[in-house]
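Content type compact mmCIF, C-alpha atoms, from the file target-v4.txt:
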```
# COMPACT_ATOMS: atom_id res chain seq x y z
CA MET V 1 86.04 87.62 -38.57
CA GLU V 2 84.99 84.01 -38.27
CA CYS V 3 87.30 81.70 -36.36
CA VAL V 4 87.08 77.96 -36.82
CA PHE V 5 89.66 75.44 -35.70
CA GLY V 6 89.92 71.79 -34.82
CA LEU V 7 92.28 68.97 -33.86
CA VAL V 8 92.41 65.20 -33.65
CA GLY V 9 93.17 63.43 -30.37
CA ASN V 10 93.26 59.86 -29.13
CA GLY V 11 90.10 58.36 -30.60
CA PHE V 12 88.26 61.66 -30.88
CA ALA V 13 88.22 64.92 -32.83
CA ILE V 14 87.32 68.34 -31.50
CA VAL V 15 86.19 71.39 -33.45
CA ALA V 16 85.59 74.87 -32.11
CA ALA V 17 83.95 77.82 -33.83
CA ASP V 18 83.04 81.33 -32.88
CA THR V 19 79.33 82.07 -32.56
CA SER V 20 78.97 85.60 -33.88
CA ALA V 21 76.66 86.39 -36.77
CA VAL V 22 78.10 89.61 -38.20
CA HIS V 23 76.89 91.92 -40.96
CA SER V 24 79.38 94.71 -41.69
CA ILE V 25 79.80 96.54 -38.37
CA LEU V 26 76.71 95.06 -36.74
CA LEU V 27 76.67 91.93 -34.57
CA HIS V 28 73.27 90.35 -35.21
CA LYS V 29 73.57 87.58 -32.68
CA ASN V 30 76.33 86.04 -30.60
CA ASN V 31 75.02 82.49 -30.21
CA GLU V 32 74.93 81.33 -33.83
CA ASP V 33 75.91 77.66 -34.01
CA LYS V 34 78.31 77.18 -36.92
CA ILE V 35 79.11 73.54 -36.24
CA MET V 36 76.54 71.27 -37.85
CA VAL V 37 76.05 67.67 -36.84
CA LEU V 38 76.18 65.97 -40.23
CA ASP V 39 75.12 62.57 -38.97
CA SER V 40 75.61 60.47 -35.86
CA HIS V 41 79.42 60.49 -36.12
CA LYS V 42 80.32 63.54 -38.18
CA LEU V 43 80.65 67.24 -37.52
CA VAL V 44 80.99 70.04 -40.04
CA ALA V 45 82.38 73.36 -38.82
CA ALA V 46 81.88 75.92 -41.54
CA SER V 47 82.95 79.52 -41.98
CA GLY V 48 82.31 81.99 -44.75
CA GLU V 49 79.37 83.79 -46.33
CA PRO V 50 76.40 83.16 -44.01
CA GLY V 51 73.93 82.24 -46.75
CA ASP V 52 76.32 79.88 -48.52
CA ARG V 53 77.43 78.39 -45.20
CA VAL V 54 73.93 77.35 -44.13
CA GLN V 55 72.69 76.34 -47.59
CA PHE V 56 75.75 74.34 -48.56
CA THR V 57 76.16 72.49 -45.25
CA GLU V 58 72.46 71.62 -45.23
CA TYR V 59 72.78 70.38 -48.82
CA VAL V 60 75.68 68.13 -47.79
CA GLN V 61 73.79 66.94 -44.70
CA LYS V 62 70.71 65.97 -46.72
CA ASN V 63 72.77 64.14 -49.33
CA VAL V 64 74.61 62.21 -46.62
CA SER V 65 71.22 61.18 -45.16
CA LEU V 66 69.96 60.24 -48.62
CA TYR V 67 72.91 57.91 -49.11
CA LYS V 68 72.14 56.27 -45.79
CA PHE V 69 68.48 55.77 -46.68
CA ARG V 70 69.25 54.42 -50.14
CA ASN V 71 72.07 52.11 -49.18
CA GLY V 72 71.33 51.25 -45.55
CA ILE V 73 74.82 52.23 -44.45
CA SER V 74 76.42 55.57 -43.53
CA LEU V 75 79.15 57.22 -45.53
CA THR V 76 82.63 57.19 -43.99
CA THR V 77 84.17 60.52 -43.05
CA ALA V 78 86.59 60.29 -45.99
CA ALA V 79 83.72 59.63 -48.40
CA ALA V 80 81.65 62.52 -47.06
CA ALA V 81 84.67 64.82 -47.27
CA ASN V 82 85.35 63.78 -50.87
CA PHE V 83 81.68 64.28 -51.76
CA THR V 84 81.79 67.77 -50.28
CA ARG V 85 84.97 68.55 -52.23
CA GLY V 86 83.36 67.30 -55.42
CA GLU V 87 80.36 69.59 -54.98
CA LEU V 88 82.59 72.58 -54.26
CA ALA V 89 84.84 71.76 -57.24
CA THR V 90 81.88 71.44 -59.64
CA ALA V 91 80.42 74.74 -58.48
CA LEU V 92 83.78 76.51 -58.46
CA ARG V 93 83.78 77.64 -62.08
CA LYS V 94 80.02 78.27 -62.28
CA ASN V 95 78.67 79.79 -59.07
CA PRO V 96 81.19 79.20 -56.32
CA TYR V 97 80.31 78.70 -52.68
CA SER V 98 82.37 80.85 -50.29
CA VAL V 99 82.48 78.30 -47.48
CA ASN V 100 85.51 76.90 -45.69
CA ILE V 101 84.86 73.61 -43.93
CA LEU V 102 86.51 71.50 -41.26
CA MET V 103 84.91 68.08 -41.28
CA ALA V 104 85.53 65.89 -38.23
CA GLY V 105 84.33 62.34 -37.95
CA TYR V 106 84.79 58.99 -36.30
CA ASP V 107 84.78 55.68 -38.19
CA ASP V 108 85.26 52.27 -36.63
CA GLU V 109 88.11 51.32 -38.98
CA ALA V 110 89.80 54.66 -39.53
CA GLY V 111 89.32 56.14 -36.05
CA ALA V 112 88.96 59.88 -35.63
CA SER V 113 89.83 62.10 -38.57
CA LEU V 114 89.75 65.76 -39.53
CA TYR V 115 89.48 67.07 -43.08
CA TYR V 116 90.40 70.58 -44.20
CA ILE V 117 88.24 71.68 -47.15
CA ASP V 118 88.96 75.08 -48.61
CA TYR V 119 86.39 77.27 -50.41
CA ILE V 120 88.20 76.49 -53.68
CA ALA V 121 87.79 72.75 -53.03
CA THR V 122 91.24 71.87 -51.72
CA LEU V 123 90.89 68.72 -49.62
CA HIS V 124 93.47 67.51 -47.14
CA LYS V 125 93.38 65.20 -44.15
CA VAL V 126 95.01 67.00 -41.22
CA ASP V 127 95.70 66.57 -37.52
CA LYS V 128 94.99 70.20 -36.79
CA GLY V 129 93.41 72.86 -38.96
CA ALA V 130 92.01 76.36 -38.77
CA PHE V 131 90.32 79.03 -40.89
CA GLY V 132 89.93 82.78 -40.64
CA TYR V 133 92.02 85.49 -39.02
CA GLY V 134 91.95 83.42 -35.83
CA SER V 135 93.94 80.75 -37.67
CA TYR V 136 97.10 82.85 -37.35
CA PHE V 137 96.84 82.50 -33.59
CA SER V 138 95.23 79.08 -33.18
CA LEU V 139 97.49 77.28 -35.69
CA SER V 140 100.62 78.68 -34.05
CA THR V 141 99.38 77.75 -30.57
CA MET V 142 98.45 74.25 -31.74
CA ASP V 143 101.81 73.84 -33.52
CA ARG V 144 103.52 74.58 -30.21
CA HIS V 145 101.42 72.42 -27.86
CA TYR V 146 99.83 69.70 -29.98
CA ARG V 147 100.88 66.07 -29.62
CA SER V 148 99.24 63.15 -31.33
CA ASP V 149 97.18 60.98 -28.96
CA MET V 150 96.14 63.76 -26.60
CA SER V 151 93.43 62.97 -24.09
CA VAL V 152 90.16 64.92 -24.11
CA GLU V 153 91.21 67.03 -21.11
CA GLU V 154 94.55 67.95 -22.70
CA ALA V 155 92.85 68.79 -26.00
CA ILE V 156 90.28 71.02 -24.32
CA GLU V 157 93.12 72.77 -22.47
CA LEU V 158 94.75 73.43 -25.84
CA VAL V 159 91.46 74.65 -27.35
CA ASP V 160 91.05 77.03 -24.42
CA LYS V 161 94.61 78.28 -24.93
CA CYS V 162 93.74 79.02 -28.56
CA ILE V 163 90.53 80.80 -27.61
CA LEU V 164 92.43 82.89 -25.05
CA GLU V 165 95.04 83.77 -27.67
CA ILE V 166 92.36 84.81 -30.18
CA ARG V 167 90.51 86.88 -27.58
CA SER V 168 93.62 88.69 -26.43
CA ARG V 169 95.31 89.31 -29.79
CA LEU V 170 92.66 89.60 -32.51
CA VAL V 171 91.32 93.13 -32.76
CA VAL V 172 87.80 92.03 -33.77
CA ALA V 173 87.84 88.96 -31.56
CA PRO V 174 84.53 87.12 -31.29
CA PRO V 175 83.30 86.98 -27.68
CA ASN V 176 81.78 83.50 -27.65
CA PHE V 177 82.82 80.06 -28.90
CA VAL V 178 81.18 76.67 -29.15
CA ILE V 179 83.16 73.43 -28.84
CA LYS V 180 81.91 70.11 -30.19
CA ILE V 181 83.43 66.67 -30.00
CA VAL V 182 83.08 63.46 -32.01
CA ASP V 183 84.25 60.04 -30.83
CA LYS V 184 83.03 56.46 -30.84
CA ASP V 185 79.95 57.52 -28.87
CA GLY V 186 78.91 60.01 -31.52
CA ALA V 187 78.98 63.70 -32.34
CA ARG V 188 77.77 66.07 -29.65
CA ASP V 189 78.09 69.49 -28.02
CA TYR V 190 80.96 69.66 -25.58
CA ALA V 191 80.87 73.19 -24.17
CA TRP V 192 80.27 76.84 -24.86
CA ARG V 193 82.83 79.47 -23.90
CA GLN V 194 80.92 82.68 -23.39
CA SER V 195 82.33 86.00 -22.34
CA VAL V 196 79.23 87.94 -23.41
CA LYS V 197 75.75 86.57 -22.82
CA ASP V 198 72.67 87.78 -24.69
CA VAL V 199 70.81 90.48 -22.84
CA THR V 200 67.10 89.66 -23.13
CA THR V 201 65.47 92.42 -21.15
CA ALA V 202 66.69 95.92 -20.49
CA ALA V 203 68.03 96.43 -17.00
CA VAL V 204 65.84 98.93 -15.24
CA MET Q 1 101.00 86.57 -56.42
CA SER Q 2 100.14 84.36 -59.38
CA ILE Q 3 97.33 81.85 -58.97
CA PHE Q 4 99.80 79.07 -59.80
CA GLU Q 5 101.73 80.00 -56.68
CA TYR Q 6 98.68 80.17 -54.39
CA ASN Q 7 99.28 76.75 -52.83
CA GLY Q 8 103.01 76.59 -53.54
CA SER Q 9 104.60 73.61 -55.21
CA ALA Q 10 107.74 72.31 -56.90
CA VAL Q 11 108.04 69.15 -58.97
CA VAL Q 12 111.06 67.79 -60.83
CA ALA Q 13 111.79 64.61 -62.80
CA MET Q 14 114.82 63.20 -64.57
CA VAL Q 15 115.57 60.14 -66.70
CA GLY Q 16 118.51 57.83 -66.25
CA LYS Q 17 119.54 54.52 -67.75
CA ASN Q 18 116.40 52.34 -67.70
CA CYS Q 19 115.08 54.42 -64.83
CA PHE Q 20 113.65 57.76 -63.90
CA ALA Q 21 113.36 59.77 -60.70
CA ILE Q 22 110.54 62.13 -59.81
CA ALA Q 23 110.45 64.37 -56.75
CA SER Q 24 108.25 67.05 -55.25
CA ASP Q 25 107.92 69.17 -52.16
CA ARG Q 26 105.11 68.35 -49.71
CA ARG Q 27 104.01 71.75 -48.48
CA LEU Q 28 100.38 72.76 -48.82
CA GLY Q 29 100.05 76.47 -48.24
CA VAL Q 30 97.53 79.25 -48.62
CA GLN Q 31 99.78 82.05 -49.88
CA LEU Q 32 102.20 82.53 -47.00
CA GLN Q 33 100.42 80.36 -44.41
CA THR Q 34 101.41 76.68 -44.25
CA ILE Q 35 98.45 74.35 -43.84
CA ALA Q 36 100.16 70.97 -44.03
CA THR Q 37 103.55 69.42 -44.68
CA ASP Q 38 102.43 66.07 -46.03
CA PHE Q 39 100.51 66.96 -49.18
CA GLN Q 40 101.01 64.48 -52.00
CA ARG Q 41 101.82 65.90 -55.41
CA ILE Q 42 103.25 62.81 -57.10
CA SER Q 43 100.72 60.12 -57.88
CA LYS Q 44 101.10 56.64 -59.22
CA ILE Q 45 98.79 55.97 -62.14
CA ASP Q 46 100.13 52.45 -62.57
CA ASP Q 47 103.34 50.54 -61.85
CA HIS Q 48 105.24 52.24 -64.63
CA LEU Q 49 103.58 55.62 -64.77
CA PHE Q 50 103.92 58.50 -62.32
CA ILE Q 51 102.64 62.03 -62.64
CA GLY Q 52 103.74 65.03 -60.63
CA LEU Q 53 101.12 67.75 -60.54
CA SER Q 54 101.99 71.26 -59.45
CA GLY Q 55 99.81 74.32 -59.29
CA LEU Q 56 96.47 75.05 -57.66
CA ALA Q 57 95.65 72.23 -55.21
CA PRO Q 58 91.96 71.70 -56.05
CA ASP Q 59 92.74 71.45 -59.76
CA VAL Q 60 95.63 69.07 -58.94
CA GLN Q 61 93.14 66.82 -57.13
CA THR Q 62 90.42 67.06 -59.80
CA LEU Q 63 92.86 66.46 -62.67
CA TYR Q 64 94.41 63.48 -60.87
CA GLN Q 65 90.97 61.92 -60.35
CA ARG Q 66 90.05 62.43 -64.02
CA LEU Q 67 93.34 60.96 -65.25
CA VAL Q 68 93.08 57.87 -63.04
CA PHE Q 69 89.52 57.38 -64.30
CA ARG Q 70 90.51 57.64 -67.98
CA HIS Q 71 93.52 55.39 -67.48
CA LYS Q 72 91.46 52.69 -65.75
CA LEU Q 73 88.83 52.93 -68.49
CA TYR Q 74 91.52 52.48 -71.15
CA GLN Q 75 92.89 49.45 -69.30
CA LEU Q 76 89.43 47.87 -69.09
CA ARG Q 77 88.66 48.49 -72.74
CA GLU Q 78 92.04 47.65 -74.28
CA GLU Q 79 93.14 45.05 -71.71
CA ARG Q 80 96.66 46.47 -71.67
CA ASP Q 81 98.62 49.37 -70.18
CA MET Q 82 98.86 52.71 -71.92
CA LYS Q 83 102.06 53.60 -73.73
CA PRO Q 84 103.81 56.73 -72.45
CA GLU Q 85 103.17 58.72 -75.62
CA SER Q 86 99.48 57.80 -75.60
CA PHE Q 87 99.08 58.88 -72.01
CA ALA Q 88 100.83 62.16 -72.71
CA SER Q 89 98.45 62.75 -75.63
CA LEU Q 90 95.47 61.94 -73.42
CA VAL Q 91 96.59 64.45 -70.80
CA SER Q 92 97.19 67.00 -73.53
CA ALA Q 93 93.63 66.51 -74.86
CA ILE Q 94 92.06 66.77 -71.40
CA LEU Q 95 93.94 69.99 -70.67
CA TYR Q 96 93.20 71.61 -74.03
CA GLU Q 97 89.48 70.84 -73.65
CA LYS Q 98 89.54 73.56 -71.01
CA ARG Q 99 91.56 75.98 -73.12
CA PHE Q 100 89.46 79.02 -72.16
CA GLY Q 101 88.97 78.06 -68.51
CA PRO Q 102 91.96 75.86 -67.81
CA TYR Q 103 92.95 73.58 -64.98
CA LEU Q 104 95.54 75.69 -63.21
CA CYS Q 105 98.14 72.92 -63.08
CA GLN Q 106 101.48 72.26 -64.64
CA LEU Q 107 102.44 68.64 -64.72
CA VAL Q 108 105.34 66.29 -65.17
CA ILE Q 109 104.78 62.82 -66.56
CA ALA Q 110 107.40 60.13 -65.99
CA GLU Q 111 106.95 56.64 -67.35
CA LEU Q 112 108.85 53.48 -68.18
CA GLY Q 113 107.75 52.31 -71.60
CA ASP Q 114 108.52 49.10 -73.50
CA ASP Q 115 111.98 47.63 -72.83
CA ASN Q 116 112.17 49.81 -69.68
CA LYS Q 117 112.83 52.83 -71.80
CA PRO Q 118 112.20 55.87 -69.59
CA PHE Q 119 110.09 58.75 -70.88
CA THR Q 120 109.40 62.08 -69.28
CA CYS Q 121 107.60 65.17 -70.43
CA THR Q 122 106.17 68.32 -68.90
CA MET Q 123 103.04 70.18 -69.79
CA ASP Q 124 101.81 73.63 -68.90
CA SER Q 125 98.20 74.38 -68.04
CA ILE Q 126 97.05 74.56 -71.66
CA ALA Q 127 98.82 71.42 -72.82
CA ALA Q 128 102.00 72.81 -74.32
CA LYS Q 129 104.22 69.74 -74.30
CA PHE Q 130 107.96 69.85 -73.62
```

What would the structure in this file look like if it were written as structure tokens?
Amino acid sequence: MECVFGLVGNGFAIVAADTSAVHSILLHKNNEDKIMVLDSHKLVAASGEPGDRVQFTEYVQKNVSLYKFRNGISLTTAAAANFTRGELATALRKNPYSVNILMAGYDDEAGASLYYIDYIATLHKVDKGAFGYGSYFSLSTMDRHYRSDMSVEEAIELVDKCILEIRSRLVVAPPNFVIKIVDKDGARDYAWRQSVKDVTTAAV
Amino acid sequence: MSIFEYNGSAVVAMVGKNCFAIASDRRLGVQLQTIATDFQRISKIDDHLFIGLSGLAPDVQTLYQRLVFRHKLYQLREERDMKPESFASLVSAILYEKRFGPYLCQLVIAELGDDNKPFTCTMDSIAAKF
């Protein structure tokens, strides 16, 4: 089951997602990147139906770029989150997308922010959020250890605690996770946490 | 569990002498899991008009955005504030438009009309007014 979680720290936001692409009982690949870089200062961590996840996040990404080209200025994180919610809400009663999204971004005025967007288009600005079965473990761990204004090192320690909790307690725990960070310097990969690496050639 | 209880909500309003009070809880949940404890269910439409929206959170947000839009449009066109009864009728019409695919919200309207006369009414998801 897909695990996505994130939190806001002192001038930055971190999101982590598992990297398993699963179809029924088969694991297709274990290095699928589910956190998309929406633009220079925004990250979208998505979980849900694989087709909807890729199609919908790409649709949002292209529309965010279009706005920038047309108007010469990027959307704020709040605006991008509200646009995403609008698209999900419009599609909800026609052909709904089954995608849950955590949108993290950094704006000069608003600082770092994290938006929780449900598959039924609930939008809420949060300090910490999570989706999936892993949320039962990561939300509880974050509730216990989270403080506002954490430094990057403290936040990564907390993320690692959550990953450890998921790995030890979730029966179908994903083996690998990717962690991405967004701050005033932009959105970028932070680290991968891999307990199983892809085997490329058979050991002889 | 009913779809109206999916996100969990409680809203209450009461009139007094030349005043009203409106209150709500602030929990946003997904069935039994709590997502946030600062979700806003009471919104100010203008200085004298508050609505408390309970029910499914996405419909709460969509309905709020539509109502603010219609209220602002009315203010621009008529160059005055809406009367409480007119606003209640407007909400009623918007809800009944979706009679066979409704917004899953139940709302409370509380407003101070002319002469600071307080007015409150509730509506279910298909615009039955109380």

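Across the model, the gap from CA of Ile35 (chain V) to CA of Phe131 (chain V) is 13.3 Å.
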
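Proximity of Q:Gln75, Q:Lys44, Q:Leu67, Q:Leu104 to Leu90 (chain Q), computed with only C-alpha atoms, is greatest for Q:Leu67.
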
note - CA of Ile42 (chain Q) and CA of Tyr64 (chain Q) are separated by 9.6 Å

Please identify all residues of chain Q having at least one atom at most 9 Å from any atom of chain V, considering all atoms listed in the file, and return them as a VMD selection string. chain Q and resid 28 33 35 to 36 38 to 39 56 to 62 101

Dump C-alpha atoms for the selected residues as a PDB file, in the frame of the given file?
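Output below, filename again_19.pdb:
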```pdb
ATOM      1  CA  LEU Q  28     100.380  72.760 -48.820  1.00  0.00           C
ATOM      2  CA  GLN Q  33     100.420  80.360 -44.410  1.00  0.00           C
ATOM      3  CA  ILE Q  35      98.450  74.350 -43.840  1.00  0.00           C
ATOM      4  CA  ALA Q  36     100.160  70.970 -44.030  1.00  0.00           C
ATOM      5  CA  ASP Q  38     102.430  66.070 -46.030  1.00  0.00           C
ATOM      6  CA  PHE Q  39     100.510  66.960 -49.180  1.00  0.00           C
ATOM      7  CA  LEU Q  56      96.470  75.050 -57.660  1.00  0.00           C
ATOM      8  CA  ALA Q  57      95.650  72.230 -55.210  1.00  0.00           C
ATOM      9  CA  PRO Q  58      91.960  71.700 -56.050  1.00  0.00           C
ATOM     10  CA  ASP Q  59      92.740  71.450 -59.760  1.00  0.00           C
ATOM     11  CA  VAL Q  60      95.630  69.070 -58.940  1.00  0.00           C
ATOM     12  CA  GLN Q  61      93.140  66.820 -57.130  1.00  0.00           C
ATOM     13  CA  THR Q  62      90.420  67.060 -59.800  1.00  0.00           C
ATOM     14  CA  GLY Q 101      88.970  78.060 -68.510  1.00  0.00           C
TER      15      GLY Q 101
END
```

Show me, as a PyMOL selection string, the residues that have an atom within 8 Å of Ala21 (chain V) when counting all atoms listed in the file, minus same-chain residues fewer than 3 positions from it.
chain V and resi 27-32+50

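CA of Asn82 (chain V) is positioned 12.3 Å from CA of Leu114 (chain V).
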
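Every protein, DNA or RNA residue with an atom at most 10 Å from Pro175 (chain V), where only C-alpha atoms count and chain neighbours fewer than 3 positions away do not, is listed here: Asp18, Thr19, Ser20, Asn30, Asn31, Ile163, Ile166, Arg167, Val172, Arg193, Gln194, Ser195, Val196 and Lys197 of chain V.
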
- [ ] In the coordinate frame of the file, compute which residues have an atom within 12 Å of (95.4, 66.6, -27.7) when using only C-alpha atoms, and state them as a PyMOL selection string.
- [x] chain V and resi 6-15+127-128+142-160

So that I can check the surroundings of Phe100 (chain Q), please list as a list in words every protein, DNA and RNA residue that reaches within 12 Å of it, counting all atoms listed in the file and ignoring chain neighbours fewer than 3 positions away.
Arg93 of chain V; Leu95, Tyr96, Glu97, Tyr103, Leu104, Ser125 and Ile126 of chain Q
